[in-house]
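Undergrad: Pasting work-v1.cif below, which is mmCIF, C-alpha atoms and all ligand atoms.
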data_work
loop_
_atom_site.label_atom_id
_atom_site.label_comp_id
_atom_site.auth_asym_id
_atom_site.auth_seq_id
_atom_site.Cartn_x
_atom_site.Cartn_y
_atom_site.Cartn_z
CA MET M 1299 32.77 -22.92 -20.13
CA GLN M 1300 29.21 -24.11 -20.67
CA ASP M 1301 27.83 -23.98 -24.19
CA ALA M 1302 24.89 -21.71 -24.95
CA ALA M 1303 22.37 -24.55 -25.22
CA SER M 1304 23.12 -26.06 -21.81
CA LEU M 1305 23.29 -22.59 -20.25
CA ASP M 1306 19.92 -21.84 -21.79
CA SER M 1307 18.29 -24.91 -20.28
CA LEU M 1308 20.00 -24.35 -16.92
CA LEU M 1309 18.70 -20.80 -16.74
CA LYS M 1310 15.21 -21.72 -17.86
CA ALA M 1311 15.07 -24.45 -15.19
CA SER M 1312 16.21 -21.93 -12.57
CA LEU M 1313 13.05 -19.86 -13.16
CA GLU M 1314 11.35 -22.36 -10.88
CA ASN M 1315 13.20 -20.71 -7.99
CA PHE M 1316 12.43 -17.04 -8.57
CA LYS M 1317 9.00 -15.73 -7.68
CA ASP M 1318 6.72 -13.16 -9.22
CA PRO M 1319 6.27 -10.60 -6.40
CA ASP M 1320 2.58 -10.13 -7.26
CA SER M 1321 1.28 -13.71 -7.28
CA GLY M 1322 4.13 -15.39 -5.41
CA ARG M 1323 4.28 -18.01 -8.17
CA PRO M 1324 7.54 -19.14 -9.79
CA LEU M 1325 8.46 -17.25 -12.98
CA SER M 1326 8.57 -20.62 -14.78
CA LYS M 1327 4.78 -20.69 -14.50
CA THR M 1328 3.79 -17.09 -15.15
CA GLY M 1329 5.15 -16.35 -18.61
CA GLN M 1330 6.83 -13.14 -17.43
CA VAL M 1331 10.30 -13.78 -18.85
CA SER M 1332 10.77 -13.30 -22.58
CA ASP M 1333 13.25 -12.19 -25.24
CA TRP M 1334 16.04 -14.53 -24.08
CA SER M 1335 19.37 -14.28 -25.73
CA ILE M 1336 22.74 -15.72 -24.80
CA THR M 1337 25.69 -14.39 -26.72
CA ASP M 1338 29.29 -15.15 -25.71
CA GLY M 1339 28.24 -15.79 -22.12
CA HIS M 1340 26.15 -12.61 -21.99
CA VAL M 1341 22.56 -13.22 -21.03
CA ALA M 1342 19.78 -10.77 -21.84
CA CYS M 1343 16.08 -11.08 -21.13
CA LYS M 1344 12.97 -9.13 -20.40
CA LEU M 1345 11.08 -9.40 -17.11
CA SER M 1346 7.47 -8.20 -17.32
CA LEU M 1347 5.93 -7.33 -13.96
CA THR M 1348 2.34 -6.37 -13.17
CA SER M 1349 1.41 -2.80 -12.25
CA HIS M 1350 0.77 -4.14 -8.71
CA SER M 1351 4.52 -4.79 -8.46
CA LYS M 1352 5.63 -1.58 -10.17
CA PRO M 1353 6.80 0.14 -6.95
CA ILE M 1354 9.40 -2.62 -6.50
CA ALA M 1355 10.01 -3.33 -10.20
CA GLN M 1356 13.59 -2.06 -10.38
CA GLU M 1357 14.76 -3.83 -7.24
CA THR M 1358 13.07 -7.04 -8.46
CA ALA M 1359 14.83 -6.76 -11.82
CA ASP M 1360 18.16 -6.20 -10.03
CA ALA M 1361 17.57 -9.20 -7.78
CA PHE M 1362 16.62 -11.30 -10.82
CA ARG M 1363 19.78 -10.23 -12.62
CA ASP M 1364 21.94 -11.24 -9.61
CA PHE M 1365 19.99 -14.49 -9.32
CA LEU M 1366 20.66 -15.40 -12.96
CA GLN M 1367 24.29 -14.35 -12.70
CA ALA M 1368 24.76 -16.71 -9.73
CA GLN M 1369 23.51 -19.75 -11.68
CA SER M 1370 26.75 -20.45 -13.50
CA GLU M 1371 30.34 -19.28 -13.53
CA SER M 1372 30.17 -19.29 -17.32
CA ILE M 1373 27.90 -16.25 -17.32
CA ARG M 1374 29.90 -13.13 -18.10
CA GLY M 1375 27.08 -10.66 -17.68
CA VAL M 1376 23.31 -10.36 -17.39
CA THR M 1377 21.03 -7.61 -18.65
CA VAL M 1378 17.41 -7.60 -17.49
CA THR M 1379 15.07 -5.09 -19.08
CA LEU M 1380 11.71 -4.35 -17.52
CA GLY M 1381 8.35 -4.75 -19.21
CA THR M 1382 4.73 -4.78 -18.09
CA GLN M 1383 2.49 -7.78 -17.84
CA HIS M 1384 -1.22 -7.00 -17.94
CA ARG M 1385 -3.18 -9.33 -15.75
CA PRO M 1386 -6.92 -8.86 -15.32
CA THR M 1387 -8.03 -8.24 -11.74
CA PRO M 1388 -10.88 -10.57 -10.81
CA ALA M 1389 -13.90 -9.06 -9.08
CA ILE M 1390 -14.23 -9.74 -5.35
CA GLY M 1391 -17.27 -12.02 -4.73
CA GLN M 1392 -20.61 -10.36 -4.07
CA ILE M 1393 -19.08 -6.90 -3.85
CA GLY M 1394 -17.84 -6.92 -7.44
CA LEU M 1395 -14.93 -4.62 -6.58
CA LYS M 1396 -11.94 -5.11 -8.85
CA ALA M 1397 -9.06 -4.35 -6.52
CA LYS M 1398 -6.11 -6.70 -6.07
CA SER M 1399 -5.10 -5.51 -2.59
CA VAL M 1400 -7.46 -3.70 -0.26
CA ILE M 1401 -5.46 -2.13 2.54
CA ALA M 1402 -6.80 -0.48 5.69
CA VAL M 1403 -4.76 2.24 7.39
CA GLY M 1404 -5.67 2.33 11.06
CA ALA M 1405 -4.50 3.35 14.52
CA GLY M 1406 -5.55 2.85 18.10
CA LYS M 1407 -6.24 6.54 18.61
CA GLY M 1408 -7.07 9.76 16.85
CA GLY M 1409 -4.78 12.37 15.42
CA VAL M 1410 -1.70 10.20 14.80
CA GLY M 1411 -1.74 10.77 11.04
CA LYS M 1412 -3.87 7.96 9.61
CA SER M 1413 -5.48 10.15 6.98
CA THR M 1414 -2.20 11.82 6.06
CA LEU M 1415 -0.52 8.45 5.69
CA ALA M 1416 -3.43 6.81 3.82
CA ALA M 1417 -3.64 9.65 1.30
CA SER M 1418 0.14 10.00 0.92
CA LEU M 1419 0.55 6.26 0.50
CA ALA M 1420 -2.16 6.19 -2.18
CA ILE M 1421 -0.59 9.11 -4.06
CA THR M 1422 2.88 7.56 -3.76
CA LEU M 1423 1.84 4.08 -4.93
CA GLU M 1424 0.24 5.70 -7.94
CA LYS M 1425 3.31 7.79 -8.61
CA LEU M 1426 5.39 4.60 -8.50
CA GLY M 1427 3.27 3.08 -11.27
CA SER M 1428 0.31 1.25 -9.70
CA ARG M 1429 -3.42 1.80 -10.16
CA VAL M 1430 -4.77 3.14 -6.91
CA GLY M 1431 -8.06 4.25 -5.36
CA LEU M 1432 -8.51 6.00 -2.02
CA MET M 1433 -11.54 5.38 0.17
CA ASP M 1434 -12.23 7.46 3.25
CA ALA M 1435 -14.00 5.13 5.68
CA ASP M 1436 -14.00 7.78 8.38
CA VAL M 1437 -17.71 8.43 8.08
CA TYR M 1438 -17.67 10.30 11.42
CA GLY M 1439 -15.06 12.88 10.48
CA PRO M 1440 -14.06 12.51 6.83
CA SER M 1441 -10.86 14.43 6.15
CA VAL M 1442 -9.59 13.06 2.83
CA PRO M 1443 -11.48 15.60 0.64
CA HIS M 1444 -9.95 18.41 2.71
CA LEU M 1445 -6.40 17.03 2.52
CA LEU M 1446 -6.59 16.71 -1.26
CA GLY M 1447 -8.56 19.90 -1.85
CA LEU M 1448 -11.45 17.96 -3.40
CA SER M 1449 -15.08 18.94 -3.44
CA GLY M 1450 -18.18 18.24 -5.47
CA ARG M 1451 -20.90 15.70 -5.37
CA PRO M 1452 -20.40 12.32 -7.01
CA GLU M 1453 -22.80 11.72 -9.91
CA ILE M 1454 -24.65 8.51 -10.48
CA VAL M 1455 -23.85 7.08 -13.90
CA ASP M 1456 -25.36 3.78 -15.08
CA GLY M 1457 -26.41 2.99 -11.51
CA LYS M 1458 -22.87 3.46 -10.16
CA ILE M 1459 -21.45 6.27 -8.05
CA LYS M 1460 -18.75 8.10 -9.97
CA PRO M 1461 -15.88 8.79 -7.58
CA ILE M 1462 -14.31 12.25 -7.41
CA MET M 1463 -10.92 12.27 -9.12
CA SER M 1464 -7.72 13.58 -7.57
CA GLU M 1465 -5.91 13.89 -10.89
CA THR M 1466 -6.02 10.25 -12.09
CA MET M 1467 -6.86 8.72 -8.70
CA PRO M 1468 -10.48 7.93 -7.80
CA VAL M 1469 -11.50 9.03 -4.30
CA MET M 1470 -14.65 8.32 -2.35
CA SER M 1471 -15.60 9.90 0.96
CA MET M 1472 -18.66 10.61 3.06
CA GLY M 1473 -17.38 14.18 2.90
CA PHE M 1474 -18.67 14.39 -0.69
CA LEU M 1475 -22.16 13.37 0.39
CA LEU M 1476 -22.69 15.51 3.49
CA GLU M 1477 -23.46 19.19 3.61
CA LYS M 1478 -20.60 21.19 5.08
CA ASP M 1479 -20.46 20.89 8.91
CA GLN M 1480 -23.39 18.49 8.90
CA ALA M 1481 -23.17 16.05 11.79
CA VAL M 1482 -24.35 12.50 11.38
CA VAL M 1483 -25.42 10.12 14.07
CA TRP M 1484 -24.57 6.73 12.70
CA ARG M 1485 -26.52 3.66 13.56
CA GLY M 1486 -25.05 0.23 12.86
CA PRO M 1487 -27.06 -0.63 9.70
CA MET M 1488 -26.46 2.84 8.19
CA LEU M 1489 -22.76 2.49 8.71
CA HIS M 1490 -22.80 -0.93 7.12
CA GLY M 1491 -24.87 0.42 4.21
CA SER M 1492 -22.61 3.35 3.46
CA ILE M 1493 -19.41 1.28 3.57
CA GLN M 1494 -21.11 -1.24 1.30
CA GLN M 1495 -22.06 1.52 -1.15
CA PHE M 1496 -18.53 2.84 -1.18
CA LEU M 1497 -17.19 -0.60 -2.03
CA ARG M 1498 -19.91 -2.13 -4.18
CA ASP M 1499 -21.67 0.77 -5.89
CA THR M 1500 -18.70 2.99 -6.72
CA ALA M 1501 -17.20 2.87 -10.21
CA TRP M 1502 -13.62 2.38 -9.03
CA GLY M 1503 -12.43 0.80 -12.26
CA GLU M 1504 -9.69 -1.79 -12.03
CA LEU M 1505 -7.29 -1.19 -9.17
CA ASP M 1506 -4.08 -2.67 -7.85
CA TYR M 1507 -4.57 -1.02 -4.47
CA LEU M 1508 -7.59 0.37 -2.70
CA ILE M 1509 -6.28 2.28 0.31
CA ILE M 1510 -8.81 2.77 3.10
CA ASP M 1511 -8.48 5.55 5.64
CA MET M 1512 -9.99 4.17 8.86
CA PRO M 1513 -11.76 6.18 11.54
CA PRO M 1514 -10.04 6.40 14.94
CA GLY M 1515 -10.48 3.84 17.67
CA THR M 1516 -13.55 1.69 17.67
CA GLY M 1517 -13.67 -1.49 15.64
CA ASP M 1518 -17.12 -1.26 14.01
CA VAL M 1519 -15.85 -0.11 10.61
CA ALA M 1520 -13.03 -2.68 10.70
CA LEU M 1521 -15.57 -5.37 11.45
CA THR M 1522 -17.93 -4.22 8.70
CA LEU M 1523 -15.09 -4.16 6.17
CA SER M 1524 -13.73 -7.54 7.13
CA GLN M 1525 -17.20 -9.06 6.76
CA MET M 1526 -17.64 -7.59 3.30
CA LEU M 1527 -14.42 -8.51 1.60
CA PRO M 1528 -11.05 -10.15 2.16
CA LEU M 1529 -8.69 -7.33 3.12
CA ALA M 1530 -5.10 -7.82 2.00
CA GLY M 1531 -4.26 -6.41 5.40
CA ALA M 1532 -3.84 -3.43 7.67
CA VAL M 1533 -1.12 -0.85 8.19
CA ILE M 1534 -0.96 0.50 11.75
CA VAL M 1535 0.18 4.07 12.34
CA CYS M 1536 1.55 5.16 15.67
CA THR M 1537 3.61 7.97 17.13
CA PRO M 1538 6.72 7.45 19.22
CA GLN M 1539 5.15 8.20 22.59
CA GLU M 1540 4.66 5.21 24.82
CA VAL M 1541 0.97 6.01 25.24
CA ALA M 1542 0.41 5.91 21.51
CA LEU M 1543 2.23 2.62 21.41
CA LEU M 1544 -0.11 1.14 23.97
CA ASP M 1545 -2.91 2.45 21.78
CA ALA M 1546 -1.27 0.84 18.76
CA GLY M 1547 -1.59 -2.41 20.69
CA LYS M 1548 -5.34 -1.83 20.75
CA ALA M 1549 -5.46 -1.38 16.98
CA ILE M 1550 -3.37 -4.52 16.50
CA ALA M 1551 -5.78 -6.48 18.71
CA MET M 1552 -8.76 -5.03 16.82
CA PHE M 1553 -7.46 -6.18 13.42
CA GLU M 1554 -6.41 -9.52 14.83
CA LYS M 1555 -9.89 -10.09 16.24
CA THR M 1556 -11.39 -9.43 12.80
CA LYS M 1557 -8.74 -11.74 11.23
CA VAL M 1558 -7.23 -8.94 9.15
CA PRO M 1559 -3.51 -9.64 8.57
CA LEU M 1560 -1.05 -7.01 9.74
CA LEU M 1561 1.10 -5.82 6.85
CA GLY M 1562 3.23 -3.51 8.92
CA ILE M 1563 3.66 -0.64 11.34
CA VAL M 1564 4.62 2.96 10.53
CA GLU M 1565 6.00 5.45 13.03
CA ASN M 1566 4.64 8.91 12.27
CA MET M 1567 5.84 12.18 13.77
CA SER M 1568 9.11 10.40 14.39
CA GLY M 1569 11.40 13.31 15.15
CA PHE M 1570 11.11 16.86 13.90
CA LEU M 1571 12.57 17.75 10.53
CA CYS M 1572 13.85 21.29 10.99
CA PRO M 1573 13.27 23.35 7.85
CA ASP M 1574 16.13 25.71 8.78
CA ASN M 1575 18.93 23.17 8.74
CA GLY M 1576 17.40 19.93 7.39
CA LYS M 1577 18.32 18.10 10.61
CA THR M 1578 15.92 15.78 12.43
CA TYR M 1579 15.43 16.24 16.18
CA ASP M 1580 13.96 13.41 18.26
CA ILE M 1581 11.47 15.29 20.39
CA PHE M 1582 9.43 12.37 21.66
CA GLY M 1583 12.12 9.75 21.19
CA ARG M 1584 11.93 7.33 18.31
CA GLY M 1585 12.24 3.71 17.38
CA GLY M 1586 9.45 2.50 19.68
CA ALA M 1587 7.32 1.38 16.76
CA ARG M 1588 10.21 -0.61 15.29
CA ASP M 1589 10.70 -2.41 18.62
CA LYS M 1590 6.97 -3.06 18.83
CA ALA M 1591 6.91 -4.42 15.27
CA ASP M 1592 9.91 -6.67 15.99
CA SER M 1593 8.37 -7.96 19.19
CA ILE M 1594 5.15 -9.08 17.47
CA GLY M 1595 6.85 -10.26 14.27
CA VAL M 1596 5.28 -7.69 11.94
CA PRO M 1597 7.30 -5.72 9.35
CA PHE M 1598 8.32 -2.20 10.32
CA LEU M 1599 7.54 -0.20 7.19
CA GLY M 1600 9.33 3.03 8.03
CA ASP M 1601 9.00 6.35 9.77
CA VAL M 1602 7.84 9.84 8.83
CA PRO M 1603 9.25 12.87 10.67
CA ILE M 1604 7.16 15.87 11.68
CA TYR M 1605 7.44 18.03 8.65
CA MET M 1606 5.87 21.47 9.01
CA GLN M 1607 5.22 21.93 5.33
CA LEU M 1608 3.29 18.67 5.19
CA ARG M 1609 0.90 19.96 7.83
CA SER M 1610 0.51 23.47 6.46
CA GLU M 1611 0.06 22.38 2.84
CA SER M 1612 -2.36 19.57 3.69
CA ASP M 1613 -4.38 21.99 5.81
CA GLU M 1614 -4.78 23.99 2.61
CA GLY M 1615 -5.81 20.96 0.58
CA ARG M 1616 -2.42 20.67 -1.07
CA LEU M 1617 -1.10 17.35 0.22
CA ARG M 1618 -0.42 16.20 -3.34
CA GLU M 1619 1.63 19.33 -4.00
CA ALA M 1620 3.48 18.93 -0.68
CA LEU M 1621 4.56 15.48 -1.87
CA ASN M 1622 6.19 16.98 -4.94
CA ASP M 1623 8.97 18.04 -2.59
CA PRO M 1624 11.48 15.16 -2.56
CA VAL M 1625 12.23 15.70 1.15
CA ALA M 1626 8.56 15.19 2.02
CA SER M 1627 7.96 12.33 -0.41
CA LYS M 1628 11.04 10.24 0.44
CA PRO M 1629 9.71 8.61 3.64
CA PHE M 1630 6.43 7.76 1.93
CA GLU M 1631 8.24 6.16 -1.02
CA HIS M 1632 10.22 4.08 1.43
CA ILE M 1633 7.01 3.01 3.20
CA ALA M 1634 5.15 2.30 -0.07
CA ARG M 1635 7.94 0.00 -1.27
CA ALA M 1636 8.17 -1.73 2.10
CA LEU M 1637 4.42 -2.32 1.97
CA VAL M 1638 4.57 -3.86 -1.51
CA ARG M 1639 7.46 -6.05 -0.32
CA SER M 1640 5.41 -7.13 2.69
CA LEU M 1641 2.57 -8.13 0.34
CA ALA M 1642 5.02 -9.96 -1.93
CA ASP M 1643 6.33 -11.96 1.04
CA ARG M 1644 2.79 -12.93 1.99
CA ALA M 1645 1.97 -13.90 -1.60
CA SER M 1646 5.06 -16.06 -1.74
CA GLN M 1647 4.20 -17.81 1.55
CA GLN M 1648 0.62 -18.36 0.45
CA SER M 1649 1.54 -19.81 -2.92
CA GLN M 1650 3.99 -22.12 -1.16
CA ILE M 1651 1.19 -23.34 1.09
CA ALA M 1652 -1.12 -23.74 -1.93
CA ALA M 1653 1.55 -25.77 -3.73
CA LEU M 1654 1.93 -28.28 -0.87
CA PRO M 1655 0.81 -31.74 -1.90
CA VAL M 1656 -2.51 -32.79 -0.42
CA LEU M 1657 -1.84 -35.84 1.75
N1 LIG Z 1701 4.42 13.72 9.60
C1 LIG Z 1701 3.69 14.81 9.85
N2 LIG Z 1701 4.27 16.04 9.88
C2 LIG Z 1701 3.53 17.13 10.15
N3 LIG Z 1701 2.23 17.12 10.40
C3 LIG Z 1701 1.60 15.93 10.36
C4 LIG Z 1701 2.29 14.71 10.08
N4 LIG Z 1701 1.38 13.71 10.13
C5 LIG Z 1701 0.20 14.26 10.41
N5 LIG Z 1701 0.31 15.58 10.58
C6 LIG Z 1701 -0.74 16.56 10.92
O1 LIG Z 1701 -1.37 16.08 12.11
C7 LIG Z 1701 -2.76 16.31 12.07
C8 LIG Z 1701 -3.51 14.99 12.23
O2 LIG Z 1701 -3.24 14.17 11.11
P1 LIG Z 1701 -4.36 13.25 10.45
O3 LIG Z 1701 -5.60 13.99 10.25
O4 LIG Z 1701 -3.72 12.60 9.29
O5 LIG Z 1701 -4.53 12.20 11.65
P2 LIG Z 1701 -5.67 11.10 11.85
O6 LIG Z 1701 -5.03 10.02 12.64
O7 LIG Z 1701 -6.27 10.74 10.55
O8 LIG Z 1701 -6.72 11.89 12.72
P3 LIG Z 1701 -8.23 11.46 13.05
O9 LIG Z 1701 -8.12 10.45 14.14
O10 LIG Z 1701 -8.87 12.73 13.49
O11 LIG Z 1701 -8.83 10.87 11.81
C9 LIG Z 1701 -3.04 17.01 10.73
O12 LIG Z 1701 -3.05 18.40 10.95
C10 LIG Z 1701 -1.83 16.63 9.88
O13 LIG Z 1701 -1.53 17.61 8.91
MG MG Z 1702 -8.28 10.76 9.92
#
Take the structure in the file and give it back as structure tokens.
TA:
Amino acid sequence: MQDAASLDSLLKASLENFKDPDSGRPLSKTGQVSDWSITDGHVACKLSLTSHSKPIAQETADAFRDFLQAQSESIRGVTVTLGTQHRPTPAIGQIGLKAKSVIAVGAGKGGVGKSTLAASLAITLEKLGSRVGLMDADVYGPSVPHLLGLSGRPEIVDGKIKPIMSETMPVMSMGFLLEKDQAVVWRGPMLHGSIQQFLRDTAWGELDYLIIDMPPGTGDVALTLSQMLPLAGAVIVCTPQEVALLDAGKAIAMFEKTKVPLLGIVENMSGFLCPDNGKTYDIFGRGGARDKADSIGVPFLGDVPIYMQLRSESDEGRLREALNDPVASKPFEHIARALVRSLADRASQQSQIAALPVL
């Protein structure tokens, strides 16, 4: 049996080997563990995570508890309570946007559910405790305002565009700036200018995640975005059909060309969730996206079945309400957590690279 003092120093030294999922840095360096106590072999402490990590806070605390427990046979039990660490988000270069992770949701073709996924992911990440903004970069056919039942014209306050709020989530879309059914012919510089305004001149506040709904197909918006700011990465949506998977390949190539990291692939419309019996039927087959993800070494983030209520409610501007149904929200929660894990893995790899000695 180790005495409390040696157990204390053993455990404190072990913090070198457990990483903060947000920054990827060892907990020994981030000041996130506090309120230590060791009584009769029982260890208690508090782990304070950032709001960026909130979606995976509980699983991180559980993993930390198991990690501590495994350090010594003298430990009879470990209790980890969760707290919050506030960490200011630095502004991104010239753009001045304060968003920790800017994530593009794209696909190789239209109609696969990019906007549905982008909006649902944003709502879900917020529900799981993070600070989230949603930007509709589909300047050709903005659909985010419609999905969320939002309207109105953003005001200019102190030289900044005030985003339209979906409850507590700021949203910006070309849909707020155009007259209804107005068609726009975009020329390159205009496109660049409007994306820049959305990012630089909008009062987003401080965000953990800015989720960007990408227009279908062509890479001009992806290119514009990647030139303006460092994207944390892209999420690719595809449907199970082979054709869509070939198209997904196009989207993957597009993001790779613009040096945007791939955070993961989602399979949408993966089977039909029958409202009568709650069973899922694989109409177009399924699993193709997972195979594709495995073959190119990108995380598979999860799948979303065809869910009639999701379509009908979002058509009526009630996507947020549709996600109050646990059956509808479950796949998106799974995907949101997988995405945060994918970012945590990248952060950990990057901080490892940064910590390498310079030879
Ligand atoms: N999992 C799902 N279950 C049921 N309906 C869905 C699902 N995903 C998307 N849809 C429906 O499919 C249609 C297309 O979805 P969405 O607009 O999100 O696709 P998109 O890829 O953004 O399209 P576009 O290329 O036009 O921007 C919408 O009517 C939406 O409600
Ligand atoms: Mg869309």
Undergrad: Which value, in Å to one decimal, gives the distance between CA of Gly1409 in chain M and CA of Asn1566 in chain M?
TA: 10.5 Å
Undergrad: Give the residues close to ligand LIG 1701 (chain Z), within 8 Å, counting all atoms listed in the file; write them as a PyMOL selection string.
TA: chain M and resi 1404-1405+1407-1416+1436+1439-1441+1511-1515+1535+1566-1568+1570+1602-1613
Undergrad: Keeping only C-alpha atoms, take the residues you just selected and write them out as a PDB file, keeping the file's coordinate frame.
TA:
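Writing the result to part-v1.pdb gives the following:
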ATOM      1  CA  GLY M1404      -5.670   2.330  11.060  1.00  0.00           C
ATOM      2  CA  ALA M1405      -4.500   3.350  14.520  1.00  0.00           C
ATOM      3  CA  LYS M1407      -6.240   6.540  18.610  1.00  0.00           C
ATOM      4  CA  GLY M1408      -7.070   9.760  16.850  1.00  0.00           C
ATOM      5  CA  GLY M1409      -4.780  12.370  15.420  1.00  0.00           C
ATOM      6  CA  VAL M1410      -1.700  10.200  14.800  1.00  0.00           C
ATOM      7  CA  GLY M1411      -1.740  10.770  11.040  1.00  0.00           C
ATOM      8  CA  LYS M1412      -3.870   7.960   9.610  1.00  0.00           C
ATOM      9  CA  SER M1413      -5.480  10.150   6.980  1.00  0.00           C
ATOM     10  CA  THR M1414      -2.200  11.820   6.060  1.00  0.00           C
ATOM     11  CA  LEU M1415      -0.520   8.450   5.690  1.00  0.00           C
ATOM     12  CA  ALA M1416      -3.430   6.810   3.820  1.00  0.00           C
ATOM     13  CA  ASP M1436     -14.000   7.780   8.380  1.00  0.00           C
ATOM     14  CA  GLY M1439     -15.060  12.880  10.480  1.00  0.00           C
ATOM     15  CA  PRO M1440     -14.060  12.510   6.830  1.00  0.00           C
ATOM     16  CA  SER M1441     -10.860  14.430   6.150  1.00  0.00           C
ATOM     17  CA  ASP M1511      -8.480   5.550   5.640  1.00  0.00           C
ATOM     18  CA  MET M1512      -9.990   4.170   8.860  1.00  0.00           C
ATOM     19  CA  PRO M1513     -11.760   6.180  11.540  1.00  0.00           C
ATOM     20  CA  PRO M1514     -10.040   6.400  14.940  1.00  0.00           C
ATOM     21  CA  GLY M1515     -10.480   3.840  17.670  1.00  0.00           C
ATOM     22  CA  VAL M1535       0.180   4.070  12.340  1.00  0.00           C
ATOM     23  CA  ASN M1566       4.640   8.910  12.270  1.00  0.00           C
ATOM     24  CA  MET M1567       5.840  12.180  13.770  1.00  0.00           C
ATOM     25  CA  SER M1568       9.110  10.400  14.390  1.00  0.00           C
ATOM     26  CA  PHE M1570      11.110  16.860  13.900  1.00  0.00           C
ATOM     27  CA  VAL M1602       7.840   9.840   8.830  1.00  0.00           C
ATOM     28  CA  PRO M1603       9.250  12.870  10.670  1.00  0.00           C
ATOM     29  CA  ILE M1604       7.160  15.870  11.680  1.00  0.00           C
ATOM     30  CA  TYR M1605       7.440  18.030   8.650  1.00  0.00           C
ATOM     31  CA  MET M1606       5.870  21.470   9.010  1.00  0.00           C
ATOM     32  CA  GLN M1607       5.220  21.930   5.330  1.00  0.00           C
ATOM     33  CA  LEU M1608       3.290  18.670   5.190  1.00  0.00           C
ATOM     34  CA  ARG M1609       0.900  19.960   7.830  1.00  0.00           C
ATOM     35  CA  SER M1610       0.510  23.470   6.460  1.00  0.00           C
ATOM     36  CA  GLU M1611       0.060  22.380   2.840  1.00  0.00           C
ATOM     37  CA  SER M1612      -2.360  19.570   3.690  1.00  0.00           C
ATOM     38  CA  ASP M1613      -4.380  21.990   5.810  1.00  0.00           C
TER      39      ASP M1613
END
Undergrad: Would you work out the distance separating CA of Ser1464 in chain M from CA of Val1442 in chain M, expressed in Å to one decimal?
TA: 10.6 Å
Undergrad: Can you work out which one of M:Phe1474, M:Ser1524, M:Val1638, M:Lys1310 has the shortest atom-to-atom distance to Ser1349 in chain M, counting only C-alpha atoms?
TA: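 Answer, going by the shortest atom-to-atom distance: M:Val1638.
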Undergrad: Residues within 8 Å of Met1433 in chain M, please, as an MDAnalysis selection string. Count all atoms listed in the file; anything in the same chain fewer than 5 positions from it doesn't count.
TA: chainID M and resid 1469:1471 1496 1508:1511
Undergrad: Using Å and a single decimal, report how far CA of Val1558 in chain M sits from CA of Gly1531 in chain M.
TA: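 Interatomic distance here is 5.4 Å.
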Undergrad: Which one is closest to ligand MG 1702 (chain Z): M:Leu1445, M:Leu1560, M:Ala1653, M:Leu1419? Count only C-alpha atoms and all ligand atoms.
TA: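 Between M:Leu1445, M:Leu1560, M:Ala1653, M:Leu1419, the residue approaching ligand MG 1702 (chain Z) most closely is M:Leu1445.
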Undergrad: Would you mind telling me which residue in M:Trp1334, M:Tyr1438, M:Trp1502, M:Phe1582 lies nearest to ligand MG 1702 (chain Z) when using only C-alpha atoms and all ligand atoms?
TA: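 Comparing M:Trp1334, M:Tyr1438, M:Trp1502, M:Phe1582 against ligand MG 1702 (chain Z), the winner is M:Tyr1438.
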Undergrad: From the options M:Asp1601, M:Asp1434, M:Asp1592, M:Asp1623, which residue's atoms come nearest to ligand MG 1702 (chain Z), counting all atoms listed in the file?
TA: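 Distance minimum relative to ligand MG 1702 (chain Z) lands on M:Asp1434.
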Undergrad: Which polymer residues have any atom within 10 Å of an atom of Asp1306 in chain M, counting all atoms listed in the file, with same-chain residues fewer than 6 positions away left out, as a list in words?
TA: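 That gives Gln1300, Ser1312, Trp1334, Ser1335, Ile1336 and Val1341 of chain M.
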Undergrad: Check the smallest atom-to-atom distance from each of M:Ser1304, M:Val1437, M:Gly1427, M:Leu1561 to ligand MG 1702 (chain Z) using all atoms listed in the file, then report the winner.
TA: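 For ligand MG 1702 (chain Z), the nearest of the given residues is M:Val1437.
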Undergrad: Closest to Val1430 in chain M among M:Pro1461, M:Asp1320, M:Met1467, M:Val1403, using only C-alpha atoms?
TA: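 Among the listed residues, the smallest separation from Val1430 in chain M belongs to M:Met1467.
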Undergrad: Please determine the residues with any atom at most 12 Å from (-18.7, -3.5, -2.2) (coordinates as given in the file, with all atoms listed in the file counting) and report them as number ranges by chain.
TA: M: 1389-1397, 1400, 1433, 1458-1459, 1490-1502, 1508, 1522-1529
Undergrad: Give me the residues near Leu1309 in chain M as a tab-separated table (two decimals) with C-alpha atoms, in the coordinates of the input, where near means some atom within 12 Å (using only C-alpha atoms) and where sequence neighbours in that chain fewer than 4 positions away do not count.
TA:
chain	number	residue	atom	x	y	z
M	1300	GLN	CA	29.21	-24.11	-20.67
M	1302	ALA	CA	24.89	-21.71	-24.95
M	1303	ALA	CA	22.37	-24.55	-25.22
M	1304	SER	CA	23.12	-26.06	-21.81
M	1305	LEU	CA	23.29	-22.59	-20.25
M	1313	LEU	CA	13.05	-19.86	-13.16
M	1314	GLU	CA	11.35	-22.36	-10.88
M	1315	ASN	CA	13.20	-20.71	-7.99
M	1316	PHE	CA	12.43	-17.04	-8.57
M	1325	LEU	CA	8.46	-17.25	-12.98
M	1326	SER	CA	8.57	-20.62	-14.78
M	1331	VAL	CA	10.30	-13.78	-18.85
M	1334	TRP	CA	16.04	-14.53	-24.08
M	1335	SER	CA	19.37	-14.28	-25.73
M	1336	ILE	CA	22.74	-15.72	-24.80
M	1341	VAL	CA	22.56	-13.22	-21.03
M	1342	ALA	CA	19.78	-10.77	-21.84
M	1343	CYS	CA	16.08	-11.08	-21.13
M	1362	PHE	CA	16.62	-11.30	-10.82
M	1363	ARG	CA	19.78	-10.23	-12.62
M	1365	PHE	CA	19.99	-14.49	-9.32
M	1366	LEU	CA	20.66	-15.40	-12.96
M	1367	GLN	CA	24.29	-14.35	-12.70
M	1368	ALA	CA	24.76	-16.71	-9.73
M	1369	GLN	CA	23.51	-19.75	-11.68
M	1370	SER	CA	26.75	-20.45	-13.50
M	1372	SER	CA	30.17	-19.29	-17.32
M	1373	ILE	CA	27.90	-16.25	-17.32
M	1376	VAL	CA	23.31	-10.36	-17.39
